[in-house]
file upload.cif (mmCIF, C-alpha atoms)
data_final
loop_
_atom_site.label_atom_id
_atom_site.label_comp_id
_atom_site.auth_asym_id
_atom_site.auth_seq_id
_atom_site.Cartn_x
_atom_site.Cartn_y
_atom_site.Cartn_z
CA MET R 1 35.54 -50.08 40.32
CA ASN R 2 33.50 -47.97 42.69
CA LYS R 3 31.07 -45.31 41.49
CA ILE R 4 33.24 -42.38 42.53
CA PHE R 5 36.14 -43.65 40.44
CA VAL R 6 33.79 -44.38 37.55
CA GLY R 7 32.44 -40.83 37.78
CA LEU R 8 35.95 -39.42 37.90
CA LEU R 9 36.97 -41.36 34.80
CA LEU R 10 33.79 -40.58 32.84
CA GLY R 11 34.00 -36.92 33.78
CA LEU R 12 37.60 -36.80 32.61
CA ILE R 13 36.88 -38.43 29.26
CA LEU R 14 33.62 -36.64 28.48
CA GLY R 15 35.02 -33.34 29.73
CA ALA R 16 38.00 -33.73 27.42
CA ILE R 17 35.72 -34.50 24.48
CA ASP R 18 33.53 -31.52 25.30
CA GLY R 19 36.58 -29.30 25.52
CA ALA R 20 37.90 -30.63 22.21
CA THR R 21 34.75 -29.45 20.41
CA SER R 22 35.98 -25.88 20.98
CA TRP R 23 38.21 -26.53 17.98
CA PHE R 24 35.16 -25.72 15.83
CA TYR R 25 35.26 -22.12 17.12
CA PRO R 26 38.13 -20.29 15.34
CA GLU R 27 38.48 -17.69 18.11
CA ALA R 28 39.03 -20.47 20.65
CA ARG R 29 41.09 -22.78 18.45
CA SER R 30 44.41 -21.48 19.72
CA MET R 31 43.39 -22.27 23.29
CA VAL R 32 41.91 -25.72 22.67
CA GLY R 33 44.58 -27.41 24.80
CA SER R 34 43.90 -25.33 27.89
CA ILE R 35 40.16 -25.52 27.26
CA MET R 36 40.40 -29.32 27.19
CA VAL R 37 42.36 -29.36 30.44
CA GLY R 38 39.89 -27.06 32.12
CA SER R 39 36.93 -28.98 30.80
CA SER R 40 38.48 -32.28 31.95
CA ILE R 41 38.99 -30.92 35.46
CA LYS R 42 35.43 -29.64 35.50
CA GLY R 43 34.25 -33.05 34.31
CA MET R 44 36.26 -34.86 36.97
CA ILE R 45 34.74 -32.72 39.74
CA VAL R 46 31.21 -33.25 38.41
CA GLY R 47 31.89 -36.97 37.94
CA THR R 48 33.22 -37.34 41.49
CA LEU R 49 30.17 -35.61 42.94
CA THR R 50 27.68 -37.63 40.90
CA GLY R 51 29.58 -40.81 41.69
CA TRP R 52 29.40 -40.01 45.40
CA LEU R 53 25.66 -39.32 45.07
CA ALA R 54 25.17 -42.58 43.15
CA ARG R 55 26.54 -44.46 46.16
CA LYS R 56 23.85 -42.89 48.33
CA VAL R 57 20.87 -42.71 45.99
CA ASN R 58 19.92 -45.44 43.54
CA SER R 59 17.78 -43.49 41.07
CA THR R 60 18.51 -42.84 37.40
CA ALA R 61 16.24 -39.78 37.40
CA TRP R 62 17.97 -38.18 40.39
CA GLY R 63 21.35 -39.05 38.91
CA ILE R 64 20.48 -37.14 35.75
CA VAL R 65 19.04 -34.20 37.70
CA ALA R 66 22.05 -33.99 40.01
CA GLY R 67 24.53 -34.39 37.17
CA SER R 68 22.79 -31.65 35.21
CA ALA R 69 22.79 -29.34 38.22
CA PHE R 70 26.47 -29.94 39.04
CA GLY R 71 27.40 -29.63 35.38
CA LEU R 72 25.50 -26.38 35.02
CA PHE R 73 26.99 -24.88 38.20
CA PHE R 74 30.62 -25.67 37.43
CA ALA R 75 30.15 -24.66 33.79
CA PHE R 76 28.87 -21.31 35.09
CA LEU R 77 31.99 -20.88 37.21
CA VAL R 78 34.21 -21.70 34.25
CA ALA R 79 32.27 -19.35 31.98
CA THR R 80 32.56 -16.58 34.58
CA ILE R 81 36.35 -16.74 34.65
CA SER R 82 36.65 -17.26 30.90
CA ASP R 83 37.09 -14.37 28.50
CA VAL R 84 36.71 -14.77 24.74
CA ASN R 85 37.02 -11.50 22.81
CA GLY R 86 35.89 -9.54 25.85
CA ARG R 87 32.81 -11.57 26.62
CA HIS R 88 32.01 -14.48 28.90
CA PRO R 89 30.86 -17.48 26.83
CA TYR R 90 28.07 -18.46 29.20
CA LEU R 91 25.85 -20.11 26.58
CA GLU R 92 28.67 -21.97 24.83
CA ILE R 93 29.97 -23.45 28.07
CA MET R 94 26.88 -23.86 30.25
CA MET R 95 24.54 -25.54 27.77
CA PRO R 96 26.94 -28.37 26.84
CA GLY R 97 28.10 -28.55 30.46
CA PHE R 98 24.51 -29.10 31.54
CA VAL R 99 24.04 -32.02 29.13
CA VAL R 100 27.45 -33.58 29.80
CA GLY R 101 26.65 -33.43 33.51
CA ALA R 102 23.37 -35.23 32.80
CA ILE R 103 25.23 -37.94 30.87
CA VAL R 104 27.79 -38.41 33.64
CA GLY R 105 25.02 -38.48 36.24
CA PHE R 106 23.16 -41.15 34.27
CA LEU R 107 26.23 -43.29 33.68
CA THR R 108 27.37 -43.21 37.30
CA GLN R 109 23.97 -44.57 38.28
CA LYS R 110 24.30 -47.43 35.81
CA MET R 111 27.98 -48.26 36.20
CA GLY R 112 30.34 -48.95 39.05
CA ALA R 113 29.98 -51.06 42.15
CA MET R 114 27.76 -50.07 45.02
CA PRO R 115 29.37 -50.05 48.44
CA VAL R 116 29.07 -53.34 50.32
CA LYS R 117 26.97 -52.91 53.45
CA LYS R 118 28.55 -54.51 56.47
CA ALA R 119 26.29 -56.94 58.29
CA ARG R 120 25.40 -55.88 61.78
CA THR R 121 25.94 -58.36 64.52
CA THR R 122 24.84 -58.32 68.08
CA ALA R 123 28.08 -59.85 69.26
CA MET I 1 -41.80 -97.82 37.88
CA GLU I 2 -39.58 -96.17 35.33
CA LEU I 3 -37.12 -93.53 36.36
CA SER I 4 -36.42 -90.52 34.15
CA ASP I 5 -32.94 -89.97 32.71
CA SER I 6 -32.34 -87.00 34.96
CA VAL I 7 -33.19 -89.04 38.06
CA VAL I 8 -30.92 -91.87 36.93
CA ASP I 9 -28.11 -89.40 36.27
CA HIS I 10 -28.60 -87.86 39.70
CA LEU I 11 -28.54 -91.30 41.36
CA ARG I 12 -25.35 -92.18 39.46
CA HIS I 13 -23.79 -88.91 40.56
CA VAL I 14 -24.71 -89.51 44.19
CA ALA I 15 -23.47 -93.09 44.02
CA ALA I 16 -20.16 -91.89 42.66
CA LEU I 17 -19.62 -89.44 45.51
CA PRO I 18 -16.78 -90.63 47.69
CA ASP I 19 -17.62 -92.14 51.03
CA LEU I 20 -15.46 -90.26 53.49
CA THR I 21 -16.43 -92.34 56.50
CA GLY I 22 -13.46 -92.89 58.71
CA THR I 23 -11.63 -89.82 57.45
CA ARG I 24 -11.62 -86.39 59.01
CA TYR I 25 -13.05 -84.75 55.92
CA GLU I 26 -16.53 -83.54 55.06
CA LEU I 27 -17.35 -83.38 51.38
CA GLU I 28 -18.44 -80.03 50.02
CA SER I 29 -18.58 -80.07 46.25
CA GLU I 30 -16.87 -81.34 43.11
CA ILE I 31 -14.46 -78.79 41.68
CA GLY I 32 -12.85 -80.59 38.79
CA ARG I 33 -12.29 -83.77 36.86
CA GLY I 34 -9.06 -85.06 35.39
CA GLY I 35 -7.96 -88.13 33.51
CA MET I 36 -7.04 -89.96 36.69
CA GLY I 37 -9.67 -88.84 39.17
CA ILE I 38 -12.02 -86.24 40.55
CA VAL I 39 -11.16 -83.29 42.77
CA TYR I 40 -13.53 -82.16 45.48
CA SER I 41 -13.47 -79.37 47.98
CA ALA I 42 -13.81 -80.67 51.50
CA ARG I 43 -13.54 -79.49 55.07
CA ASP I 44 -10.92 -80.84 57.43
CA ARG I 45 -12.84 -81.24 60.68
CA ASP I 46 -9.73 -81.51 62.84
CA LEU I 47 -7.99 -78.38 61.61
CA ASP I 48 -11.13 -76.53 60.57
CA ARG I 49 -9.87 -75.62 57.12
CA ARG I 50 -10.88 -76.30 53.57
CA VAL I 51 -8.80 -78.68 51.50
CA ALA I 52 -8.84 -80.15 48.04
CA LEU I 53 -9.52 -83.86 48.03
CA LYS I 54 -8.46 -85.83 44.98
CA VAL I 55 -10.02 -89.24 44.63
CA LEU I 56 -8.12 -91.39 42.17
CA ASP I 57 -9.41 -94.07 39.89
CA VAL I 58 -6.08 -95.83 40.07
CA PRO I 59 -3.79 -96.61 43.00
CA LEU I 60 -1.17 -93.97 43.88
CA SER I 61 2.11 -94.66 42.17
CA GLY I 62 5.36 -94.52 44.09
CA GLU I 63 6.20 -91.33 42.23
CA ALA I 64 3.07 -89.56 43.45
CA GLN I 65 4.01 -90.47 46.99
CA LEU I 66 7.44 -89.05 46.33
CA ILE I 67 5.83 -85.78 45.22
CA ALA I 68 4.09 -85.60 48.57
CA ARG I 69 7.51 -85.33 50.21
CA ILE I 70 8.74 -82.52 47.92
CA GLU I 71 8.60 -79.02 49.24
CA HIS I 72 8.60 -76.39 46.55
CA PRO I 73 6.54 -73.22 46.23
CA ALA I 74 5.04 -74.42 42.94
CA VAL I 75 4.19 -77.93 44.11
CA VAL I 76 0.87 -78.09 45.93
CA PRO I 77 1.58 -79.49 49.38
CA ILE I 78 -0.07 -82.82 50.04
CA TYR I 79 -1.38 -83.14 53.58
CA GLU I 80 -2.48 -86.75 53.66
CA THR I 81 -2.99 -89.81 51.51
CA GLY I 82 -5.22 -92.73 52.27
CA THR I 83 -7.80 -95.22 51.09
CA LEU I 84 -11.54 -94.71 51.19
CA PRO I 85 -13.90 -97.43 52.42
CA ASP I 86 -14.75 -98.18 48.76
CA GLY I 87 -11.09 -98.89 48.08
CA ARG I 88 -10.33 -95.78 46.09
CA THR I 89 -7.16 -93.87 46.88
CA PHE I 90 -7.36 -90.25 47.88
CA TYR I 91 -5.05 -87.50 48.84
CA ALA I 92 -5.81 -84.24 50.59
CA MET I 93 -3.92 -81.18 49.52
CA LYS I 94 -3.94 -77.41 49.74
CA LEU I 95 -7.04 -75.91 48.19
CA VAL I 96 -5.74 -73.34 45.74
CA SER I 97 -7.92 -70.27 45.31
CA GLY I 98 -7.33 -68.80 41.93
CA SER I 99 -7.74 -69.70 38.32
CA ARG I 100 -6.33 -72.15 35.84
CA LEU I 101 -3.77 -70.75 33.48
CA ASP I 102 -6.18 -70.56 30.56
CA GLY I 103 -8.57 -68.49 32.67
CA TYR I 104 -5.70 -66.34 33.94
CA ILE I 105 -4.64 -65.54 30.36
CA ASP I 106 -8.21 -64.72 29.38
CA GLY I 107 -8.31 -62.31 32.32
CA GLY I 108 -5.89 -60.01 30.49
CA ALA I 109 -2.51 -60.84 32.02
CA SER I 110 0.39 -58.83 30.60
CA LEU I 111 3.25 -60.49 28.72
CA ALA I 112 5.53 -60.02 31.74
CA GLU I 113 2.99 -61.73 34.00
CA ARG I 114 2.57 -64.60 31.53
CA LEU I 115 6.32 -65.10 31.32
CA ARG I 116 6.52 -65.04 35.11
CA VAL I 117 4.09 -67.96 35.26
CA VAL I 118 6.10 -69.92 32.69
CA ARG I 119 9.30 -69.25 34.64
CA ARG I 120 7.72 -70.50 37.86
CA VAL I 121 6.64 -73.70 36.11
CA GLY I 122 10.14 -74.09 34.69
CA GLU I 123 11.68 -73.60 38.13
CA ALA I 124 9.42 -76.32 39.51
CA LEU I 125 10.45 -78.65 36.68
CA ALA I 126 14.13 -77.89 37.27
CA PHE I 127 13.67 -78.69 40.97
CA THR I 128 11.84 -81.97 40.44
CA HIS I 129 13.99 -83.12 37.50
CA ASN I 130 17.01 -82.80 39.82
CA ARG I 131 15.25 -85.33 42.02
CA GLY I 132 14.44 -87.65 39.14
CA ILE I 133 10.75 -86.78 38.99
CA LEU I 134 8.95 -85.98 35.76
CA HIS I 135 5.64 -84.23 35.34
CA ARG I 136 4.63 -85.86 32.03
CA ASP I 137 1.54 -83.72 31.44
CA ILE I 138 2.43 -80.03 31.41
CA LYS I 139 -0.55 -78.12 30.04
CA PRO I 140 -2.54 -75.00 31.00
CA GLN I 141 -5.21 -77.08 32.74
CA ASN I 142 -2.59 -78.34 35.18
CA ILE I 143 -1.31 -74.87 36.09
CA MET I 144 -3.08 -72.80 38.71
CA VAL I 145 -2.43 -69.15 39.48
CA GLY I 146 -3.45 -68.30 43.03
CA GLU I 147 -5.16 -65.15 44.21
CA PHE I 148 -1.81 -63.66 45.30
CA GLY I 149 -0.12 -64.52 42.01
CA GLU I 150 1.47 -67.73 43.27
CA VAL I 151 1.84 -70.48 40.66
CA TYR I 152 1.06 -74.13 41.28
CA VAL I 153 1.78 -77.08 39.02
CA MET I 154 -0.75 -79.85 39.55
CA ASP I 155 -1.02 -83.55 38.71
CA TRP I 156 2.59 -84.57 38.99
CA GLY I 157 3.80 -87.86 37.64
CA VAL I 158 0.40 -88.68 36.20
CA GLU I 159 0.82 -89.40 32.53
CA ALA I 160 -2.05 -88.05 30.48
CA VAL I 161 -4.55 -90.70 29.52
CA ALA I 162 -6.08 -88.85 26.60
CA GLY I 163 -3.54 -86.08 26.59
CA THR I 164 -3.67 -82.79 24.81
CA PRO I 165 -1.72 -83.32 21.57
CA ALA I 166 -0.50 -79.74 21.43
CA PHE I 167 1.34 -80.19 24.73
CA ARG I 168 2.49 -83.79 24.49
CA ALA I 169 5.95 -84.58 23.22
CA PRO I 170 6.06 -86.83 20.14
CA GLU I 171 8.38 -89.45 21.62
CA LYS I 172 6.86 -92.56 23.18
CA GLN I 173 9.34 -92.91 26.02
CA LEU I 174 8.91 -89.77 28.12
CA ASN I 175 11.81 -88.17 29.94
CA GLU I 176 12.96 -84.72 31.13
CA LEU I 177 13.12 -83.49 27.53
CA SER I 178 9.44 -84.36 27.15
CA ASP I 179 8.70 -81.97 30.00
CA ILE I 180 10.82 -79.35 28.20
CA TYR I 181 8.55 -79.88 25.19
CA GLY I 182 5.54 -79.32 27.41
CA LEU I 183 7.11 -76.17 28.85
CA GLY I 184 7.74 -74.88 25.33
CA ALA I 185 4.13 -75.60 24.41
CA LEU I 186 3.05 -73.76 27.55
CA LEU I 187 5.16 -70.77 26.52
CA ARG I 188 3.62 -70.81 23.06
CA PHE I 189 0.17 -71.01 24.64
CA VAL I 190 0.67 -67.92 26.79
CA LEU I 191 2.17 -65.80 24.02
CA PRO I 192 -0.14 -63.21 22.45
CA THR I 193 -0.88 -63.22 18.75
CA ALA I 194 1.80 -60.68 17.88
CA ALA I 195 4.49 -62.20 20.05
CA PRO I 196 8.13 -61.11 19.92
CA PRO I 197 10.06 -63.32 17.48
CA ALA I 198 12.61 -64.17 20.17
CA LEU I 199 9.95 -65.75 22.39
CA GLU I 200 8.47 -67.65 19.46
CA ALA I 201 11.95 -68.96 18.73
CA ILE I 202 12.42 -70.07 22.35
CA ALA I 203 9.10 -71.94 22.24
CA SER I 204 9.99 -73.53 18.90
CA LYS I 205 13.39 -74.67 20.15
CA ALA I 206 11.81 -76.25 23.22
CA MET I 207 9.24 -77.95 21.01
CA SER I 208 11.69 -79.40 18.49
CA GLU I 209 10.61 -82.77 17.14
CA ASP I 210 14.08 -84.09 17.82
CA PRO I 211 14.60 -84.13 21.60
CA SER I 212 18.32 -83.52 21.20
CA SER I 213 17.54 -80.18 19.51
CA ARG I 214 15.55 -78.90 22.49
CA TYR I 215 17.00 -77.12 25.50
CA PRO I 216 18.98 -79.70 27.50
CA ASP I 217 17.18 -78.76 30.72
CA ALA I 218 14.69 -76.33 32.22
CA PRO I 219 17.31 -73.85 33.56
CA SER I 220 18.71 -73.40 30.02
CA MET I 221 15.28 -72.49 28.69
CA LEU I 222 14.59 -70.19 31.65
CA ALA I 223 17.94 -68.46 31.10
CA ASP I 224 16.94 -67.68 27.51
CA ILE I 225 13.60 -66.24 28.67
CA GLU I 226 15.47 -64.12 31.22
CA ARG I 227 17.85 -62.91 28.54
CA PHE I 228 14.87 -61.80 26.48
CA GLU I 229 13.35 -59.97 29.45
CA ALA I 230 16.67 -58.22 30.14
CA GLY I 231 16.91 -57.04 26.54
CA PHE I 232 19.78 -59.33 25.56
CA PRO I 233 19.95 -61.62 22.52
CA VAL I 234 18.57 -65.14 23.05
CA GLU I 235 20.30 -68.36 22.05
CA ALA I 236 17.26 -69.70 20.24
CA TRP I 237 17.12 -66.88 17.72
CA SER I 238 19.74 -65.42 15.44
CA GLU I 239 18.28 -61.93 15.08
CA PRO I 240 18.73 -59.75 11.98
CA TRP I 241 21.00 -56.66 12.22
CA TRP I 242 18.13 -54.18 12.25
CA HIS I 243 16.57 -56.00 15.16
CA LYS I 244 19.87 -55.91 17.05
CA LEU I 245 19.99 -52.16 16.43
CA ARG I 246 16.44 -51.70 17.63
CA ARG I 247 17.11 -53.76 20.75
CA PHE I 248 20.26 -51.74 21.42
CA GLY I 249 18.24 -48.57 21.04
CA GLN I 250 15.55 -49.81 23.42
CA ARG I 251 18.05 -50.87 26.08
CA ASN I 252 20.01 -47.63 25.82
CA ALA I 253 17.20 -45.22 25.00
CA VAL I 254 18.00 -42.72 27.76
CA LEU I 255 21.72 -42.59 26.97
CA LEU I 256 21.10 -42.19 23.26
CA LEU I 257 18.63 -39.41 24.02
CA LEU I 258 21.19 -37.57 26.15
CA ILE I 259 23.87 -37.94 23.47
CA ALA I 260 21.40 -36.67 20.88
CA ALA I 261 20.62 -33.73 23.19
CA TYR I 262 24.35 -32.92 23.43
CA ALA I 263 24.72 -33.06 19.65
CA ALA I 264 21.62 -30.87 19.24
CA VAL I 265 23.00 -28.29 21.71
CA LYS I 266 26.36 -28.18 19.93
CA PHE I 267 24.68 -27.86 16.55
CA LEU I 268 22.37 -25.12 17.79
CA LEU I 269 25.27 -23.12 19.28
CA PHE I 270 27.26 -23.47 16.07
CA PHE I 271 24.24 -22.44 14.04
CA LEU I 272 23.51 -19.41 16.26
CA ARG I 273 27.15 -18.36 16.09
CA ASN I 274 27.03 -18.29 12.32
CA LEU I 275 23.79 -16.28 12.07
#

call {"tool": "encode", "arguments": {"input": "upload.cif", "output": "structure tokens"}}
result
Amino acid sequence: MNKIFVGLLLGLILGAIDGATSWFYPEARSMVGSIMVGSSIKGMIVGTLTGWLARKVNSTAWGIVAGSAFGLFFAFLVATISDVNGRHPYLEIMMPGFVVGAIVGFLTQKMGAMPVKKARTTA
Amino acid sequence: MELSDSVVDHLRHVAALPDLTGTRYELESEIGRGGMGIVYSARDRDLDRRVALKVLDVPLSGEAQLIARIEHPAVVPIYETGTLPDGRTFYAMKLVSGSRLDGYIDGGASLAERLRVVRRVGEALAFTHNRGILHRDIKPQNIMVGEFGEVYVMDWGVEAVAGTPAFRAPEKQLNELSDIYGLGALLRFVLPTAAPPALEAIASKAMSEDPSSRYPDAPSMLADIERFEAGFPVEAWSEPWWHKLRRFGQRNAVLLLLIAAYAAVKFLLFFLRNL
């Protein structure tokens, strides 16, 4: 399994789990299904990007940094378009999104196959 | 005229110096003594380089000549063998600049560096055992660590005359498993006082009194050392559950930290919401 696919899968699973934790907020409980879908899509995008980066850069530290950055950015976008009782839940979405992005970034560095470099020939 | 003891000793020493007439070597100084001969540093006049010259008390065995044909990074290359005018056998080999393993350990080598040396010795044993050659006298005094970190195993096929009991297998008939015993003793020698239990267990398994209880070959023992270094359980030791948990935590420290951070964030948000 290549790193992009691993990132996609991890982002989907962890995004779904992150979205499911909204069940603990009564005001969001009725929307937990759509929150999970949205969070999964966000996770898949972050996972794909970190997986792509992991194919280029072999560094756990940079994987975590990049994953955190992607997670934070897309969580911001989601928070901007979300409306819970008239307010945008920036903190509730961005903070977990930041950490989940870090986890996905770390795992895509550790898991998945690196691309095979083709040998150059002079022929 | 009576000669003093010191003069007699000096004359004996000079008389014992090898006569290198007819060879291309110039004697420099004695650098070591073993059970089977004396090692000198010498200069190769033809190639203008320094070599180690080992002058044996006994004739070269067929096995020693076989060693001369083996090419392995841990086997000191032998350049030439021959007979001195006084009938003693000699062989010229690479002069290794560095220190014996005991000196290397005293110099403050880390555990990883010590294990690297043991692995190099094990790789050399695996290589030569495949060719039917035993070492028979694995001990720190026969291991050299060069100035660039390269490892050399010396004195192949020369069974210890006096031997060092701590490194000699108990069985009378020596075979590959006896070398495994020596390798285990070497591992035990390099381990620090508070060594990880897994490494102690590996050394103990290799040094089992019953040869059939030891590792069957050098690669098996090396694989267990590599498993330890990679943070995996080793075959020689059945670790308790708390140790497995600790090892899991060490191998996955970053991931566990990130998961803990996620849990902390969620808890904090929930707590702030309820304030």

call {"tool": "interface_residues", "arguments": {"input": "upload.cif", "of": "chain I", "to": "chain R", "cutoff": "8 Å", "atoms": "all atoms listed in the file", "output": "JSON, numbers by chain"}}
result
{"I": [255, 258, 259, 261, 262, 265, 266, 269]}

call {"tool": "write_last_selection", "arguments": {"input": "upload.cif", "atoms": "C-alpha atoms", "output": "short mmCIF file (atom, residue, chain, number, x, y, z; two decimals), in the coordinates of the input"}}
result
data_model
loop_
_atom_site.label_atom_id
_atom_site.label_comp_id
_atom_site.auth_asym_id
_atom_site.auth_seq_id
_atom_site.Cartn_x
_atom_site.Cartn_y
_atom_site.Cartn_z
CA LEU I 255 21.72 -42.59 26.97
CA LEU I 258 21.19 -37.57 26.15
CA ILE I 259 23.87 -37.94 23.47
CA ALA I 261 20.62 -33.73 23.19
CA TYR I 262 24.35 -32.92 23.43
CA VAL I 265 23.00 -28.29 21.71
CA LYS I 266 26.36 -28.18 19.93
CA LEU I 269 25.27 -23.12 19.28
#

call {"tool": "resolve_selection", "arguments": {"input": "upload.cif", "expression": "the PyMOL selection byres ((chain I and resi 193-203) around 9)", "output": "NGL selection string"}}
result
:I and (111 or 181 or 183-188 or 191-192 or 204-208 or 215 or 221 or 224-225 or 228 or 233-239)

call {"tool": "atom_distance", "arguments": {"input": "upload.cif", "atom1": "atom CA of Gly22 of chain I", "atom2": "atom CA of Pro77 of chain I"}}
result
22.2 Å

call {"tool": "atom_distance", "arguments": {"input": "upload.cif", "atom1": "atom CA of Ala68 of chain I", "atom2": "atom CA of Met154 of chain I"}}
result
11.7 Å

call {"tool": "closest_residue", "arguments": {"input": "upload.cif", "among": "R:Met94, R:Ala113, R:Ile45, R:Met1", "to": "Ala79 of chain R", "atoms": "only C-alpha atoms"}}
result
R:Met94
